[in-house]
>>> print(open('data.pdb').read())   # PDB, C-alpha atoms, pLDDT in the B column
ATOM      1  CA  MET A 115      -6.816 -15.571  -9.131  1.00 82.00           C
ATOM      2  CA  LYS A 116      -7.777 -12.477  -7.181  1.00 87.00           C
ATOM      3  CA  ILE A 117     -10.854 -11.783  -5.064  1.00 86.00           C
ATOM      4  CA  ILE A 118     -12.351  -8.574  -3.678  1.00 89.00           C
ATOM      5  CA  GLU A 119     -11.862  -7.647  -0.034  1.00 85.00           C
ATOM      6  CA  LYS A 120     -15.394  -6.360   0.545  1.00 88.00           C
ATOM      7  CA  ASN A 121     -18.794  -5.802  -1.045  1.00 92.00           C
ATOM      8  CA  LEU A 122     -19.453  -2.215  -2.049  1.00 93.00           C
ATOM      9  CA  GLU A 123     -21.604   0.053  -4.192  1.00 95.00           C
ATOM     10  CA  THR A 124     -20.490   2.958  -6.399  1.00 95.00           C
ATOM     11  CA  TYR A 125     -22.063   4.940  -9.208  1.00 95.00           C
ATOM     12  CA  ILE A 126     -21.353   7.178 -12.175  1.00 96.00           C
ATOM     13  CA  VAL A 127     -23.595   9.559 -14.122  1.00 96.00           C
ATOM     14  CA  GLU A 128     -23.388   9.761 -17.919  1.00 94.00           C
ATOM     15  CA  LYS A 129     -25.661  12.223 -19.759  1.00 94.00           C
ATOM     16  CA  LYS A 130     -28.193  12.105 -16.923  1.00 92.00           C
ATOM     17  CA  SER A 131     -28.300   8.271 -16.874  1.00 93.00           C
ATOM     18  CA  LYS A 132     -27.179   6.862 -13.507  1.00 95.00           C
ATOM     19  CA  PHE A 133     -25.126   3.644 -13.490  1.00 96.00           C
ATOM     20  CA  ILE A 134     -24.988   1.999 -10.036  1.00 95.00           C
ATOM     21  CA  ALA A 135     -22.348  -0.735  -9.704  1.00 96.00           C
ATOM     22  CA  ASN A 136     -22.550  -3.350  -6.949  1.00 94.00           C
ATOM     23  CA  ILE A 137     -19.507  -5.599  -6.604  1.00 93.00           C
ATOM     24  CA  ILE A 138     -20.338  -8.596  -4.439  1.00 90.00           C
ATOM     25  CA  TYR A 139     -18.417 -11.620  -3.189  1.00 87.00           C
ATOM     26  CA  VAL A 140     -20.442 -14.543  -4.604  1.00 77.00           C
ATOM     27  CA  LYS A 141     -24.033 -13.585  -3.879  1.00 54.00           C
ATOM     28  CA  SER A 142     -27.244 -13.803  -5.861  1.00 55.00           C
ATOM     29  CA  THR A 143     -28.165 -11.179  -8.446  1.00 56.00           C
ATOM     30  CA  GLN A 144     -31.762 -11.559  -7.282  1.00 61.00           C
ATOM     31  CA  GLN A 145     -30.975  -9.493  -4.188  1.00 59.00           C
ATOM     32  CA  ILE A 146     -29.925  -6.575  -6.382  1.00 60.00           C
ATOM     33  CA  LYS A 147     -32.971  -6.861  -8.632  1.00 63.00           C
ATOM     34  CA  LYS A 148     -35.176  -6.619  -5.530  1.00 70.00           C
ATOM     35  CA  LYS A 149     -33.280  -3.585  -4.193  1.00 67.00           C
ATOM     36  CA  TYR A 150     -33.569  -1.707  -7.502  1.00 63.00           C
ATOM     37  CA  TYR A 151     -36.940  -3.085  -8.589  1.00 67.00           C
ATOM     38  CA  ASP A 152     -37.857   0.150 -10.384  1.00 72.00           C
ATOM     39  CA  ALA A 153     -34.751   0.250 -12.580  1.00 71.00           C
ATOM     40  CA  LYS A 154     -35.047  -0.628 -16.244  1.00 76.00           C
ATOM     41  CA  HIS A 155     -31.771  -2.559 -16.478  1.00 86.00           C
ATOM     42  CA  ASN A 156     -29.845  -4.725 -13.976  1.00 90.00           C
ATOM     43  CA  CYS A 157     -26.925  -5.997 -16.070  1.00 94.00           C
ATOM     44  CA  PHE A 158     -24.415  -8.386 -14.556  1.00 91.00           C
ATOM     45  CA  ALA A 159     -21.450 -10.694 -14.966  1.00 92.00           C
ATOM     46  CA  TYR A 160     -19.932 -13.243 -12.646  1.00 91.00           C
ATOM     47  CA  ARG A 161     -16.881 -15.483 -12.425  1.00 90.00           C
ATOM     48  CA  ILE A 162     -16.895 -18.298  -9.863  1.00 86.00           C
ATOM     49  CA  LEU A 163     -14.191 -20.875  -9.183  1.00 80.00           C
ATOM     50  CA  GLU A 164     -15.840 -24.255  -8.636  1.00 76.00           C
ATOM     51  CA  ASP A 165     -14.041 -27.621  -8.614  1.00 73.00           C
ATOM     52  CA  GLU A 166     -11.000 -26.008 -10.271  1.00 71.00           C
ATOM     53  CA  ASN A 167     -13.156 -24.702 -13.126  1.00 80.00           C
ATOM     54  CA  ILE A 168     -14.140 -21.075 -13.680  1.00 85.00           C
ATOM     55  CA  LEU A 169     -17.866 -20.629 -14.312  1.00 86.00           C
ATOM     56  CA  GLU A 170     -18.784 -17.422 -16.154  1.00 91.00           C
ATOM     57  CA  ARG A 171     -22.015 -15.767 -17.181  1.00 90.00           C
ATOM     58  CA  SER A 172     -23.132 -12.305 -18.239  1.00 93.00           C
ATOM     59  CA  SER A 173     -26.454 -10.610 -19.010  1.00 92.00           C
ATOM     60  CA  ASP A 174     -27.379  -7.413 -20.873  1.00 95.00           C
ATOM     61  CA  ASP A 175     -30.861  -7.443 -19.261  1.00 92.00           C
ATOM     62  CA  GLY A 176     -32.540  -5.705 -22.188  1.00 91.00           C
ATOM     63  CA  GLU A 177     -29.661  -3.469 -23.246  1.00 94.00           C
ATOM     64  CA  PRO A 178     -28.399  -3.899 -26.860  1.00 95.00           C
ATOM     65  CA  SER A 179     -26.488  -7.175 -27.181  1.00 96.00           C
ATOM     66  CA  GLY A 180     -22.873  -6.965 -26.033  1.00 96.00           C
ATOM     67  CA  THR A 181     -23.089  -3.453 -24.552  1.00 96.00           C
ATOM     68  CA  ALA A 182     -23.339  -4.275 -20.832  1.00 96.00           C
ATOM     69  CA  GLY A 183     -22.785  -7.797 -19.506  1.00 95.00           C
ATOM     70  CA  MET A 184     -19.826  -8.690 -21.716  1.00 97.00           C
ATOM     71  CA  PRO A 185     -17.889  -5.446 -21.017  1.00 97.00           C
ATOM     72  CA  ILE A 186     -18.329  -6.128 -17.289  1.00 96.00           C
ATOM     73  CA  LEU A 187     -17.132  -9.725 -17.737  1.00 96.00           C
ATOM     74  CA  ASP A 188     -14.150  -8.624 -19.856  1.00 97.00           C
ATOM     75  CA  ILE A 189     -12.947  -6.370 -17.020  1.00 96.00           C
ATOM     76  CA  LEU A 190     -13.241  -9.212 -14.486  1.00 96.00           C
ATOM     77  CA  ARG A 191     -11.297 -11.482 -16.862  1.00 95.00           C
ATOM     78  CA  GLY A 192      -8.656  -8.839 -17.572  1.00 94.00           C
ATOM     79  CA  ASN A 193      -7.978  -8.395 -13.859  1.00 92.00           C
ATOM     80  CA  ASN A 194      -8.316 -12.146 -13.169  1.00 91.00           C
ATOM     81  CA  ILE A 195     -10.944 -11.540 -10.480  1.00 92.00           C
ATOM     82  CA  GLY A 196     -13.090 -14.491  -9.413  1.00 88.00           C
ATOM     83  CA  ASN A 197     -15.763 -15.513  -6.910  1.00 86.00           C
ATOM     84  CA  VAL A 198     -17.508 -12.238  -7.649  1.00 90.00           C
ATOM     85  CA  ILE A 199     -20.669 -10.839  -9.184  1.00 90.00           C
ATOM     86  CA  VAL A 200     -20.824  -7.300 -10.549  1.00 93.00           C
ATOM     87  CA  VAL A 201     -24.311  -5.912 -11.135  1.00 92.00           C
ATOM     88  CA  VAL A 202     -24.619  -2.532 -12.837  1.00 95.00           C
ATOM     89  CA  THR A 203     -28.070  -0.963 -12.572  1.00 93.00           C
ATOM     90  CA  ARG A 204     -29.049   1.813 -14.993  1.00 93.00           C
ATOM     91  CA  TYR A 205     -31.649   4.490 -14.466  1.00 92.00           C
ATOM     92  CA  PHE A 206     -32.344   6.109 -17.858  1.00 91.00           C
ATOM     93  CA  GLY A 207     -31.823   9.869 -17.904  1.00 89.00           C
ATOM     94  CA  GLY A 208     -33.690  10.637 -21.113  1.00 88.00           C
ATOM     95  CA  ILE A 209     -30.680  10.913 -23.458  1.00 91.00           C
ATOM     96  CA  LEU A 210     -29.729   7.972 -25.692  1.00 90.00           C
ATOM     97  CA  LEU A 211     -26.091   6.955 -25.258  1.00 94.00           C
ATOM     98  CA  GLY A 212     -25.679   4.696 -28.289  1.00 94.00           C
ATOM     99  CA  THR A 213     -23.898   1.331 -28.195  1.00 95.00           C
ATOM    100  CA  GLY A 214     -20.439   2.868 -27.742  1.00 96.00           C
ATOM    101  CA  GLY A 215     -21.662   5.079 -24.912  1.00 96.00           C
ATOM    102  CA  LEU A 216     -23.272   2.138 -23.155  1.00 96.00           C
ATOM    103  CA  VAL A 217     -20.108   0.029 -23.390  1.00 97.00           C
ATOM    104  CA  ARG A 218     -18.009   2.888 -21.991  1.00 96.00           C
ATOM    105  CA  SER A 219     -20.469   3.615 -19.176  1.00 96.00           C
ATOM    106  CA  TYR A 220     -20.878   0.007 -18.024  1.00 97.00           C
ATOM    107  CA  SER A 221     -17.095  -0.446 -18.213  1.00 97.00           C
ATOM    108  CA  GLU A 222     -16.420   2.781 -16.287  1.00 97.00           C
ATOM    109  CA  ALA A 223     -18.928   1.857 -13.565  1.00 97.00           C
ATOM    110  CA  THR A 224     -17.294  -1.572 -13.175  1.00 96.00           C
ATOM    111  CA  ASN A 225     -13.775  -0.142 -13.105  1.00 96.00           C
ATOM    112  CA  LYS A 226     -14.759   2.369 -10.430  1.00 96.00           C
ATOM    113  CA  ALA A 227     -16.173  -0.404  -8.210  1.00 95.00           C
ATOM    114  CA  ILE A 228     -12.904  -2.332  -8.502  1.00 94.00           C
ATOM    115  CA  LEU A 229     -10.718   0.743  -7.966  1.00 92.00           C
ATOM    116  CA  GLU A 230     -12.534   1.578  -4.734  1.00 92.00           C
ATOM    117  CA  ASN A 231     -11.977  -1.958  -3.447  1.00 91.00           C
ATOM    118  CA  ASN A 232      -8.864  -3.858  -2.397  1.00 86.00           C
ATOM    119  CA  LEU A 233      -7.928  -6.984  -4.305  1.00 86.00           C
ATOM    120  CA  LEU A 234      -6.623 -10.062  -2.540  1.00 83.00           C
ATOM    121  CA  GLU A 235      -4.429 -12.550  -4.358  1.00 81.00           C
ATOM    122  CA  MET A 236      -5.162 -16.223  -3.676  1.00 80.00           C
ATOM    123  CA  GLU A 237      -2.172 -18.559  -3.282  1.00 78.00           C
ATOM    124  CA  MET A 238      -1.041 -21.600  -1.331  1.00 80.00           C
ATOM    125  CA  GLY A 239       0.062 -20.671   2.166  1.00 86.00           C
ATOM    126  CA  TYR A 240      -0.642 -21.206   5.847  1.00 90.00           C
ATOM    127  CA  GLU A 241      -2.966 -20.245   8.633  1.00 92.00           C
ATOM    128  CA  MET A 242      -0.770 -19.412  11.624  1.00 92.00           C
ATOM    129  CA  GLU A 243      -1.297 -18.555  15.259  1.00 93.00           C
ATOM    130  CA  VAL A 244       1.154 -15.968  16.598  1.00 91.00           C
ATOM    131  CA  THR A 245       1.331 -15.077  20.314  1.00 92.00           C
ATOM    132  CA  LEU A 246       2.457 -11.538  21.071  1.00 89.00           C
ATOM    133  CA  ASP A 247       3.101  -9.290  24.049  1.00 90.00           C
ATOM    134  CA  TYR A 248       0.826  -6.250  23.967  1.00 90.00           C
ATOM    135  CA  LYS A 249       3.842  -3.982  23.428  1.00 89.00           C
ATOM    136  CA  ASN A 250       4.757  -5.839  20.230  1.00 88.00           C
ATOM    137  CA  TYR A 251       1.278  -5.966  18.734  1.00 90.00           C
ATOM    138  CA  GLU A 252       1.491  -2.640  16.849  1.00 90.00           C
ATOM    139  CA  ILE A 253       4.881  -3.623  15.404  1.00 89.00           C
ATOM    140  CA  PHE A 254       3.480  -6.918  14.139  1.00 89.00           C
ATOM    141  CA  LYS A 255       0.346  -5.206  12.833  1.00 90.00           C
ATOM    142  CA  TYR A 256       2.489  -2.747  10.861  1.00 90.00           C
ATOM    143  CA  TYR A 257       4.564  -5.636   9.478  1.00 88.00           C
ATOM    144  CA  CYS A 258       1.360  -7.343   8.300  1.00 87.00           C
ATOM    145  CA  GLU A 259       0.091  -4.171   6.613  1.00 85.00           C
ATOM    146  CA  LYS A 260       3.444  -3.635   4.891  1.00 84.00           C
ATOM    147  CA  THR A 261       3.718  -7.193   3.575  1.00 82.00           C
ATOM    148  CA  GLY A 262       0.045  -7.839   2.743  1.00 78.00           C
ATOM    149  CA  ILE A 263      -0.571 -10.434   5.489  1.00 84.00           C
ATOM    150  CA  SER A 264      -4.258 -10.795   6.396  1.00 84.00           C
ATOM    151  CA  ILE A 265      -5.091 -10.906  10.122  1.00 89.00           C
ATOM    152  CA  ILE A 266      -8.287 -12.961  10.333  1.00 88.00           C
ATOM    153  CA  GLY A 267      -8.682 -13.335  14.102  1.00 92.00           C
ATOM    154  CA  LYS A 268      -7.545 -11.993  17.498  1.00 93.00           C
ATOM    155  CA  GLU A 269      -7.869 -13.300  21.045  1.00 93.00           C
ATOM    156  CA  TYR A 270      -7.054 -11.039  24.009  1.00 94.00           C
ATOM    157  CA  GLY A 271      -5.772 -12.469  27.281  1.00 92.00           C
ATOM    158  CA  GLU A 272      -2.482 -12.272  29.136  1.00 91.00           C
ATOM    159  CA  ASN A 273      -1.018 -11.967  25.640  1.00 92.00           C
ATOM    160  CA  ILE A 274      -2.594 -11.404  22.223  1.00 94.00           C
ATOM    161  CA  LYS A 275      -3.091 -14.414  19.988  1.00 93.00           C
ATOM    162  CA  ILE A 276      -3.259 -13.485  16.304  1.00 93.00           C
ATOM    163  CA  ILE A 277      -4.574 -15.764  13.575  1.00 93.00           C
ATOM    164  CA  ALA A 278      -3.010 -14.749  10.268  1.00 90.00           C
ATOM    165  CA  GLU A 279      -2.940 -15.972   6.680  1.00 88.00           C
ATOM    166  CA  VAL A 280       0.647 -16.033   5.397  1.00 88.00           C
ATOM    167  CA  ASP A 281       2.527 -17.134   2.317  1.00 84.00           C
ATOM    168  CA  GLU A 282       5.724 -19.221   2.454  1.00 85.00           C
ATOM    169  CA  ASN A 283       8.082 -16.225   2.611  1.00 84.00           C
ATOM    170  CA  SER A 284       6.158 -14.565   5.444  1.00 85.00           C
ATOM    171  CA  LYS A 285       5.997 -17.863   7.358  1.00 87.00           C
ATOM    172  CA  GLN A 286       9.781 -18.232   7.147  1.00 86.00           C
ATOM    173  CA  GLU A 287      10.264 -14.613   8.270  1.00 84.00           C
ATOM    174  CA  ILE A 288       7.953 -15.028  11.275  1.00 83.00           C
ATOM    175  CA  CYS A 289       9.614 -18.310  12.280  1.00 82.00           C
ATOM    176  CA  LYS A 290      13.085 -16.775  11.963  1.00 81.00           C
ATOM    177  CA  ASN A 291      12.267 -13.758  14.125  1.00 76.00           C
ATOM    178  CA  SER A 292      10.067 -15.381  16.794  1.00 73.00           C
ATOM    179  CA  GLU A 293      10.632 -17.805  19.643  1.00 75.00           C
ATOM    180  CA  LYS A 294       9.297 -21.251  18.738  1.00 68.00           C
ATOM    181  CA  SER A 295       6.746 -21.118  21.564  1.00 63.00           C
ATOM    182  CA  ARG A 296       5.317 -17.908  20.067  1.00 86.00           C
ATOM    183  CA  PHE A 297       3.935 -19.344  16.828  1.00 87.00           C
ATOM    184  CA  LYS A 298       2.398 -22.479  15.364  1.00 86.00           C
ATOM    185  CA  VAL A 299       1.130 -23.480  11.938  1.00 88.00           C
ATOM    186  CA  ILE A 300      -2.549 -24.397  12.136  1.00 89.00           C
ATOM    187  CA  GLU A 301      -2.955 -25.688   8.572  1.00 86.00           C
ATOM    188  CA  SER A 302      -1.766 -25.390   4.988  1.00 83.00           C
ATOM    189  CA  ARG A 303      -4.393 -23.975   2.635  1.00 78.00           C
ATOM    190  CA  ILE A 304      -5.175 -21.370   0.017  1.00 76.00           C
ATOM    191  CA  VAL A 305      -4.806 -17.938   1.588  1.00 76.00           C
ATOM    192  CA  SER A 306      -5.405 -14.365   0.470  1.00 71.00           C
ATOM    193  CA  LYS A 307      -2.863 -11.565   0.251  1.00 68.00           C
ATOM    194  CA  LYS A 308      -3.541  -7.870  -0.355  1.00 65.00           C
ATOM    195  CA  LEU A 309      -2.421  -6.769  -3.763  1.00 63.00           C
ATOM    196  CA  ILE A 310      -1.539  -3.457  -5.398  1.00 51.00           C
ATOM    197  CA  ARG A 311      -3.037  -3.616  -8.867  1.00 49.00           C
ATOM    198  CA  LYS A 312      -3.833  -1.706 -12.038  1.00 45.00           C
ATOM    199  CA  ILE A 313      -7.253  -1.750 -13.632  1.00 45.00           C
ATOM    200  CA  ARG A 314      -7.257  -2.952 -17.234  1.00 46.00           C
TER     201      ARG A 314
END
>>> encode(input="data.pdb", output="structure tokens")
Amino acid sequence: MKIIEKNLETYIVEKKSKFIANIIYVKSTQQIKKKYYDAKHNCFAYRILEDENILERSSDDGEPSGTAGMPILDILRGNNIGNVIVVVTRYFGGILLGTGGLVRSYSEATNKAILENNLLEMEMGYEMEVTLDYKNYEIFKYYCEKTGISIIGKEYGENIKIIAEVDENSKQEICKNSEKSRFKVIESRIVSKKLIRKIR
């Protein structure tokens, strides 16, 4: 499963109707309804991984059945994105779009929100602490960017201590190229890795 790297908001305009897409890492749709209280439609879909089961729900929020919530959910399913809520808010521009136009617009707004984000792939891996000289920090940082390793913490002192999420291959590479005193495995757990992806 993949998750988004950050919450963000984008929008598209279709025949004077404005479609505002909020893509959010597991938060309540009620917050969006409050923010856009004057909008006619706040359509949403979510996929949440809970106890090894994927919980899904979608809502057309007054739009014709199947024209909003389900197209959003289909895109999340097609890209295997979880632990996320996408809420697309529509301000009516005075021109009817028809069912096909609504499906295309809600889908386009959702796709744009995903395209402007980074996706992280979830897999079994390790949380590691790596101790670096200041002169080697930029080299290690570049290595992490190139291989998709997530740096989740830093501590500055005589040296720099980096907390990173790594998969098995990256762990072996770090261990092979570092002195044993320079790294330690904190724990094994599900970690995230940046992913280059295509929108479906």
>>> resolve_selection(input="data.pdb", expression="the PyMOL selection byres ((chain A and resi 221-227) around 8)", output="number ranges by chain")
A: 122-126, 133-137, 182, 185-186, 189, 200, 202, 217-220, 228-231, 313
>>> write_last_selection(input="data.pdb", atoms="C-alpha atoms", output="compact mmCIF listing (two decimals), in the coordinates of the input")
# COMPACT_ATOMS: atom_id res chain seq x y z
CA LEU A 122 -19.45 -2.22 -2.05
CA GLU A 123 -21.60 0.05 -4.19
CA THR A 124 -20.49 2.96 -6.40
CA TYR A 125 -22.06 4.94 -9.21
CA ILE A 126 -21.35 7.18 -12.18
CA PHE A 133 -25.13 3.64 -13.49
CA ILE A 134 -24.99 2.00 -10.04
CA ALA A 135 -22.35 -0.74 -9.70
CA ASN A 136 -22.55 -3.35 -6.95
CA ILE A 137 -19.51 -5.60 -6.60
CA ALA A 182 -23.34 -4.28 -20.83
CA PRO A 185 -17.89 -5.45 -21.02
CA ILE A 186 -18.33 -6.13 -17.29
CA ILE A 189 -12.95 -6.37 -17.02
CA VAL A 200 -20.82 -7.30 -10.55
CA VAL A 202 -24.62 -2.53 -12.84
CA VAL A 217 -20.11 0.03 -23.39
CA ARG A 218 -18.01 2.89 -21.99
CA SER A 219 -20.47 3.62 -19.18
CA TYR A 220 -20.88 0.01 -18.02
CA ILE A 228 -12.90 -2.33 -8.50
CA LEU A 229 -10.72 0.74 -7.97
CA GLU A 230 -12.53 1.58 -4.73
CA ASN A 231 -11.98 -1.96 -3.45
CA ILE A 313 -7.25 -1.75 -13.63
>>> residues_near_point(input="data.pdb", point="(-6.0, -14.4, 14.7)", cutoff="8 Å", atoms="all atoms listed in the file", output="count of residues only")
12
>>> closest_residue(input="data.pdb", among="A:Asp281, A:Glu287, A:Glu166, A:Glu237", to="A:Phe254", atoms="all atoms listed in the file")
A:Glu287
>>> residues_around(input="data.pdb", residues="A:Ile274", least_positions_apart="3", cutoff="9 Å", atoms="only C-alpha atoms", output="MDAnalysis selection string")
chainID A and resid 244:248 251 268:271
>>> closest_residue(input="data.pdb", among="A:Glu272, A:Glu241, A:Glu170, A:Glu128", to="A:Arg303", atoms="only C-alpha atoms")
A:Glu241
>>> atom_distance(input="data.pdb", atom1="atom CA of A:Lys130", atom2="atom CA of A:Asp188")
25.2 Å
>>> atom_distance(input="data.pdb", atom1="atom CA of A:Cys258", atom2="atom CA of A:Asn232")
15.2 Å
>>> atom_distance(input="data.pdb", atom1="atom CA of A:Gly212", atom2="atom CA of A:Ile195")
28.2 Å
>>> closest_residue(input="data.pdb", among="A:Lys120, A:Tyr257, A:Ile199, A:Lys154", to="A:Ser172", atoms="only C-alpha atoms")
A:Ile199
>>> resolve_selection(input="data.pdb", expression="the PyMOL selection byres ((chain A and resi 117) around 8)", output="count of residues only")
13
>>> residues_near_point(input="data.pdb", point="(2.4, -9.3, 8.0)", cutoff="9 Å", atoms="all atoms listed in the file", output="PDB file with C-alpha atoms, keeping the file's coordinate frame")
ATOM      1  CA  PHE A 254       3.480  -6.918  14.139  1.00 89.00           C
ATOM      2  CA  LYS A 255       0.346  -5.206  12.833  1.00 90.00           C
ATOM      3  CA  TYR A 256       2.489  -2.747  10.861  1.00 90.00           C
ATOM      4  CA  TYR A 257       4.564  -5.636   9.478  1.00 88.00           C
ATOM      5  CA  CYS A 258       1.360  -7.343   8.300  1.00 87.00           C
ATOM      6  CA  GLU A 259       0.091  -4.171   6.613  1.00 85.00           C
ATOM      7  CA  LYS A 260       3.444  -3.635   4.891  1.00 84.00           C
ATOM      8  CA  THR A 261       3.718  -7.193   3.575  1.00 82.00           C
ATOM      9  CA  GLY A 262       0.045  -7.839   2.743  1.00 78.00           C
ATOM     10  CA  ILE A 263      -0.571 -10.434   5.489  1.00 84.00           C
ATOM     11  CA  SER A 264      -4.258 -10.795   6.396  1.00 84.00           C
ATOM     12  CA  ILE A 265      -5.091 -10.906  10.122  1.00 89.00           C
ATOM     13  CA  ALA A 278      -3.010 -14.749  10.268  1.00 90.00           C
ATOM     14  CA  GLU A 279      -2.940 -15.972   6.680  1.00 88.00           C
ATOM     15  CA  VAL A 280       0.647 -16.033   5.397  1.00 88.00           C
ATOM     16  CA  SER A 284       6.158 -14.565   5.444  1.00 85.00           C
ATOM     17  CA  ILE A 288       7.953 -15.028  11.275  1.00 83.00           C
TER      18      ILE A 288
END
>>> closest_residue(input="data.pdb", among="A:Ser292, A:Thr213, A:Asn283, A:Asn156", to="A:Ser179", atoms="all atoms listed in the file")
A:Thr213
>>> resolve_selection(input="data.pdb", expression="the PyMOL selection byres ((chain A and resi 206) around 8)", output="PyMOL selection string")
chain A and resi 130-132+154+204-205+207-209
>>> residues_around(input="data.pdb", residues="A:Asp175", least_positions_apart="2", cutoff="8 Å", atoms="all atoms listed in the file", output="PyMOL selection string")
chain A and resi 155-157+173+177
>>> decode(input="data.pdb", residues="stretch 255-277 of chain A", atoms="N, CA and C atoms", output="PDB file, in the first residue's frame")
ATOM      1  N   LYS A 255      22.875  12.463   2.668  1.00  0.00           N
ATOM      2  CA  LYS A 255      21.577  13.045   2.323  1.00  0.00           C
ATOM      3  C   LYS A 255      21.256  12.801   0.849  1.00  0.00           C
ATOM      4  N   TYR A 256      22.251  12.979  -0.022  1.00  0.00           N
ATOM      5  CA  TYR A 256      22.053  12.739  -1.448  1.00  0.00           C
ATOM      6  C   TYR A 256      21.747  11.259  -1.701  1.00  0.00           C
ATOM      7  N   TYR A 257      22.456  10.389  -1.006  1.00  0.00           N
ATOM      8  CA  TYR A 257      22.210   8.940  -1.138  1.00  0.00           C
ATOM      9  C   TYR A 257      20.763   8.610  -0.759  1.00  0.00           C
ATOM     10  N   CYS A 258      20.271   9.220   0.314  1.00  0.00           N
ATOM     11  CA  CYS A 258      18.899   8.979   0.760  1.00  0.00           C
ATOM     12  C   CYS A 258      17.887   9.462  -0.282  1.00  0.00           C
ATOM     13  N   GLU A 259      18.135  10.640  -0.841  1.00  0.00           N
ATOM     14  CA  GLU A 259      17.231  11.187  -1.860  1.00  0.00           C
ATOM     15  C   GLU A 259      17.208  10.298  -3.101  1.00  0.00           C
ATOM     16  N   LYS A 260      18.362   9.779  -3.465  1.00  0.00           N
ATOM     17  CA  LYS A 260      18.498   8.960  -4.676  1.00  0.00           C
ATOM     18  C   LYS A 260      17.821   7.592  -4.509  1.00  0.00           C
ATOM     19  N   THR A 261      17.851   7.062  -3.306  1.00  0.00           N
ATOM     20  CA  THR A 261      17.335   5.709  -3.083  1.00  0.00           C
ATOM     21  C   THR A 261      15.953   5.686  -2.424  1.00  0.00           C
ATOM     22  N   GLY A 262      15.398   6.867  -2.101  1.00  0.00           N
ATOM     23  CA  GLY A 262      14.063   6.912  -1.519  1.00  0.00           C
ATOM     24  C   GLY A 262      14.017   6.679  -0.018  1.00  0.00           C
ATOM     25  N   ILE A 263      15.163   6.780   0.669  1.00  0.00           N
ATOM     26  CA  ILE A 263      15.192   6.619   2.127  1.00  0.00           C
ATOM     27  C   ILE A 263      14.609   7.862   2.784  1.00  0.00           C
ATOM     28  N   SER A 264      13.746   7.666   3.779  1.00  0.00           N
ATOM     29  CA  SER A 264      13.146   8.795   4.499  1.00  0.00           C
ATOM     30  C   SER A 264      13.961   9.110   5.743  1.00  0.00           C
ATOM     31  N   ILE A 265      14.463  10.350   5.845  1.00  0.00           N
ATOM     32  CA  ILE A 265      15.113  10.813   7.078  1.00  0.00           C
ATOM     33  C   ILE A 265      14.026  11.388   7.972  1.00  0.00           C
ATOM     34  N   ILE A 266      13.831  10.795   9.142  1.00  0.00           N
ATOM     35  CA  ILE A 266      12.722  11.212  10.013  1.00  0.00           C
ATOM     36  C   ILE A 266      13.188  11.964  11.257  1.00  0.00           C
ATOM     37  N   GLY A 267      14.501  12.073  11.453  1.00  0.00           N
ATOM     38  CA  GLY A 267      14.996  12.821  12.610  1.00  0.00           C
ATOM     39  C   GLY A 267      16.478  13.127  12.493  1.00  0.00           C
ATOM     40  N   LYS A 268      16.906  14.241  13.132  1.00  0.00           N
ATOM     41  CA  LYS A 268      18.320  14.637  13.137  1.00  0.00           C
ATOM     42  C   LYS A 268      18.662  15.177  14.517  1.00  0.00           C
ATOM     43  N   GLU A 269      19.895  14.900  14.953  1.00  0.00           N
ATOM     44  CA  GLU A 269      20.374  15.447  16.223  1.00  0.00           C
ATOM     45  C   GLU A 269      21.792  15.963  15.988  1.00  0.00           C
ATOM     46  N   TYR A 270      21.997  17.274  16.267  1.00  0.00           N
ATOM     47  CA  TYR A 270      23.286  17.902  16.003  1.00  0.00           C
ATOM     48  C   TYR A 270      24.104  17.979  17.290  1.00  0.00           C
ATOM     49  N   GLY A 271      25.348  17.548  17.193  1.00  0.00           N
ATOM     50  CA  GLY A 271      26.277  17.619  18.319  1.00  0.00           C
ATOM     51  C   GLY A 271      27.685  17.638  17.753  1.00  0.00           C
ATOM     52  N   GLU A 272      28.568  16.886  18.372  1.00  0.00           N
ATOM     53  CA  GLU A 272      29.926  16.758  17.822  1.00  0.00           C
ATOM     54  C   GLU A 272      29.853  16.142  16.424  1.00  0.00           C
ATOM     55  N   ASN A 273      28.919  15.210  16.265  1.00  0.00           N
ATOM     56  CA  ASN A 273      28.594  14.630  14.965  1.00  0.00           C
ATOM     57  C   ASN A 273      27.094  14.820  14.721  1.00  0.00           C
ATOM     58  N   ILE A 274      26.619  14.363  13.579  1.00  0.00           N
ATOM     59  CA  ILE A 274      25.183  14.398  13.294  1.00  0.00           C
ATOM     60  C   ILE A 274      24.638  12.981  13.422  1.00  0.00           C
ATOM     61  N   LYS A 275      23.590  12.842  14.217  1.00  0.00           N
ATOM     62  CA  LYS A 275      22.905  11.556  14.314  1.00  0.00           C
ATOM     63  C   LYS A 275      21.628  11.638  13.477  1.00  0.00           C
ATOM     64  N   ILE A 276      21.508  10.735  12.521  1.00  0.00           N
ATOM     65  CA  ILE A 276      20.360  10.689  11.626  1.00  0.00           C
ATOM     66  C   ILE A 276      19.493   9.494  11.997  1.00  0.00           C
ATOM     67  N   ILE A 277      18.190   9.705  12.081  1.00  0.00           N
ATOM     68  CA  ILE A 277      17.251   8.601  12.209  1.00  0.00           C
ATOM     69  C   ILE A 277      16.593   8.440  10.843  1.00  0.00           C
TER      70      ILE A 277
END
